[in-house]
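The structure under discussion appears below in the form of structure tokens.
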Amino acid sequence: VVMAVHPHGVASDYRILMDGLMYASFPDRTVLTLTASVLFYIPLVRELCIWTRCIDASKRVAARALTKGHSIMVIPGGEMEQIRTRKGKEEVCLSTRLGFVRLALQTGTALVPCYAFGCVDLYDTYSAFHGPRDWLRK
């Protein structure tokens with residue numbers, strides 16, 4: 001199963017809170033979360049990622065997890081959605097983020113859309129440097 005969770009929010013820390021529910025919902029499957037590659041290079045963050053069943057978000061790694069029978073959770077909006085997060089404004093960025101759909105089709109895996117209501121309201125955000133942050137993301 002490929003679970004596509006929307007939106008990303010400022011941080012996807014709400015995902016850690018959902019882990020217990022996720023594992024209970026799929027007792028016979030291992031649910032792995034796709035995570036930005038850069039997080040595996042940051043000390044302590046890497047350990048947190050591994051501890052919470054995160055794997056690299058590359059297509060090769062995700063496809064291997066699916067062929068081994070694991071389920072994966074992906075937050076398709078990624079950095080783009082994270083940078084655009086505004087408190088009180090629910091926004092999903094999907095127009096250029098369809099690799100997870102292709103992966104599900106190629107591996108014959110079910111695709112389950114999920115929505116995390118309220119995650120954009122967890123933190124106050126400021127749009128003062130939105131332009132430069134978006135430029136750096138690219």
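By order in the structure tokens, chains are A, B, ...; within a chain, residues start at 1; ligands start at 1, following the order shown.
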Would you return as an mmCIF file with N, CA and C atoms, in the first residue's frame the members of region 21-94 of chain A that DSSP assigns to helix (DSSP H, G or I) on this structure's backbone?
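Output below, filename result-v6.cif:
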data_model
loop_
_atom_site.group_PDB
_atom_site.id
_atom_site.type_symbol
_atom_site.label_atom_id
_atom_site.label_comp_id
_atom_site.auth_asym_id
_atom_site.auth_seq_id
_atom_site.Cartn_x
_atom_site.Cartn_y
_atom_site.Cartn_z
ATOM 1 N N LEU A 21 -0.922 4.584 15.397
ATOM 2 C CA LEU A 21 -2.174 4.295 14.692
ATOM 3 C C LEU A 21 -1.909 3.557 13.384
ATOM 4 N N MET A 22 -0.855 3.974 12.685
ATOM 5 C CA MET A 22 -0.515 3.363 11.411
ATOM 6 C C MET A 22 -0.149 1.899 11.604
ATOM 7 N N TYR A 23 0.682 1.625 12.595
ATOM 8 C CA TYR A 23 1.110 0.250 12.833
ATOM 9 C C TYR A 23 -0.061 -0.616 13.272
ATOM 10 N N ALA A 24 -0.970 -0.058 14.068
ATOM 11 C CA ALA A 24 -2.141 -0.810 14.514
ATOM 12 C C ALA A 24 -3.106 -1.081 13.361
ATOM 13 N N SER A 25 -3.179 -0.152 12.400
ATOM 14 C CA SER A 25 -4.078 -0.323 11.256
ATOM 15 C C SER A 25 -3.577 -1.381 10.275
ATOM 16 N N SER A 37 16.460 12.681 1.502
ATOM 17 C CA SER A 37 17.801 12.101 1.645
ATOM 18 C C SER A 37 18.693 12.906 2.578
ATOM 19 N N VAL A 38 18.579 14.228 2.531
ATOM 20 C CA VAL A 38 19.454 15.088 3.321
ATOM 21 C C VAL A 38 19.324 14.818 4.819
ATOM 22 N N LEU A 39 18.181 14.368 5.276
ATOM 23 C CA LEU A 39 17.984 14.138 6.711
ATOM 24 C C LEU A 39 18.856 13.004 7.243
ATOM 25 N N PHE A 40 19.296 12.106 6.363
ATOM 26 C CA PHE A 40 20.153 11.011 6.800
ATOM 27 C C PHE A 40 21.604 11.448 6.987
ATOM 28 N N TYR A 41 21.930 12.695 6.658
ATOM 29 C CA TYR A 41 23.280 13.224 6.830
ATOM 30 C C TYR A 41 23.410 14.113 8.061
ATOM 31 N N VAL A 45 19.311 13.551 13.822
ATOM 32 C CA VAL A 45 18.118 13.478 12.963
ATOM 33 C C VAL A 45 18.112 12.130 12.247
ATOM 34 N N ARG A 46 19.285 11.704 11.797
ATOM 35 C CA ARG A 46 19.414 10.404 11.136
ATOM 36 C C ARG A 46 18.914 9.285 12.057
ATOM 37 N N GLU A 47 19.329 9.311 13.302
ATOM 38 C CA GLU A 47 18.920 8.276 14.252
ATOM 39 C C GLU A 47 17.414 8.312 14.496
ATOM 40 N N LEU A 48 16.861 9.520 14.583
ATOM 41 C CA LEU A 48 15.415 9.659 14.751
ATOM 42 C C LEU A 48 14.680 9.079 13.541
ATOM 43 N N CYS A 49 15.191 9.360 12.350
ATOM 44 C CA CYS A 49 14.577 8.830 11.129
ATOM 45 C C CYS A 49 14.588 7.295 11.128
ATOM 46 N N ILE A 50 15.730 6.732 11.441
ATOM 47 C CA ILE A 50 15.840 5.267 11.457
ATOM 48 C C ILE A 50 14.934 4.675 12.534
ATOM 49 N N TRP A 51 14.888 5.293 13.698
ATOM 50 C CA TRP A 51 14.076 4.811 14.810
ATOM 51 C C TRP A 51 12.583 4.814 14.457
ATOM 52 N N LYS A 59 13.375 6.819 -5.724
ATOM 53 C CA LYS A 59 12.478 5.859 -6.391
ATOM 54 C C LYS A 59 12.977 4.430 -6.208
ATOM 55 N N ARG A 60 14.280 4.233 -6.321
ATOM 56 C CA ARG A 60 14.864 2.894 -6.210
ATOM 57 C C ARG A 60 14.591 2.277 -4.835
ATOM 58 N N VAL A 61 14.799 3.043 -3.791
ATOM 59 C CA VAL A 61 14.591 2.556 -2.420
ATOM 60 C C VAL A 61 13.100 2.289 -2.168
ATOM 61 N N ALA A 62 12.241 3.188 -2.614
ATOM 62 C CA ALA A 62 10.793 3.021 -2.426
ATOM 63 C C ALA A 62 10.283 1.790 -3.182
ATOM 64 N N ALA A 63 10.736 1.608 -4.415
ATOM 65 C CA ALA A 63 10.309 0.445 -5.205
ATOM 66 C C ALA A 63 10.770 -0.849 -4.554
ATOM 67 N N ARG A 64 11.983 -0.872 -4.030
ATOM 68 C CA ARG A 64 12.493 -2.068 -3.360
ATOM 69 C C ARG A 64 11.646 -2.398 -2.124
ATOM 70 N N ALA A 65 11.269 -1.372 -1.362
ATOM 71 C CA ALA A 65 10.433 -1.601 -0.171
ATOM 72 C C ALA A 65 9.082 -2.197 -0.570
ATOM 73 N N LEU A 66 8.486 -1.687 -1.649
ATOM 74 C CA LEU A 66 7.191 -2.205 -2.100
ATOM 75 C C LEU A 66 7.311 -3.640 -2.612
ATOM 76 N N THR A 67 8.376 -3.950 -3.339
ATOM 77 C CA THR A 67 8.536 -5.318 -3.856
ATOM 78 C C THR A 67 8.817 -6.319 -2.739
ATOM 79 N N GLY A 78 6.324 17.577 -0.144
ATOM 80 C CA GLY A 78 7.726 17.794 0.164
ATOM 81 C C GLY A 78 8.078 19.205 0.565
ATOM 82 N N GLU A 79 9.293 19.609 0.170
ATOM 83 C CA GLU A 79 9.795 20.941 0.535
ATOM 84 C C GLU A 79 8.905 22.063 0.027
ATOM 85 N N MET A 80 8.375 21.911 -1.182
ATOM 86 C CA MET A 80 7.538 22.967 -1.754
ATOM 87 C C MET A 80 6.359 23.259 -0.835
ATOM 88 N N GLU A 81 5.691 22.214 -0.400
ATOM 89 C CA GLU A 81 4.535 22.382 0.482
ATOM 90 C C GLU A 81 4.973 22.890 1.849
ATOM 91 N N GLN A 82 6.115 22.419 2.315
ATOM 92 C CA GLN A 82 6.620 22.829 3.615
ATOM 93 C C GLN A 82 6.904 24.328 3.640
ATOM 94 N N ILE A 83 7.554 24.841 2.614
ATOM 95 C CA ILE A 83 7.894 26.255 2.553
ATOM 96 C C ILE A 83 6.649 27.123 2.408
ATOM 97 N N ARG A 84 5.661 26.643 1.696
ATOM 98 C CA ARG A 84 4.440 27.429 1.462
ATOM 99 C C ARG A 84 3.422 27.350 2.596
#
Nearest to Phe117 (chain A) by atom-to-atom distance, counting only C-alpha atoms, from A:Val5, A:Ile55, A:Leu44, A:Leu98: A:Val5
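The spacing separating CA of Ile72 (chain A) from CA of Cys54 (chain A) amounts to 9.3 Å.
Among the candidates A:Val74, A:Ala104, A:Val92, A:Ala110, the one nearest to Ala4 (chain A) when counting only C-alpha atoms is A:Val74.
Pairwise distance (CA of Val2 (chain A), CA of Thr109 (chain A)) equals 6.7 Å.
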Point-to-point distance from CA of Thr96 (chain A) to CA of Ala57 (chain A), Å rounded to tenths: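 Between CA of Thr96 (chain A) and CA of Ala57 (chain A) the gap is 15.9 Å.
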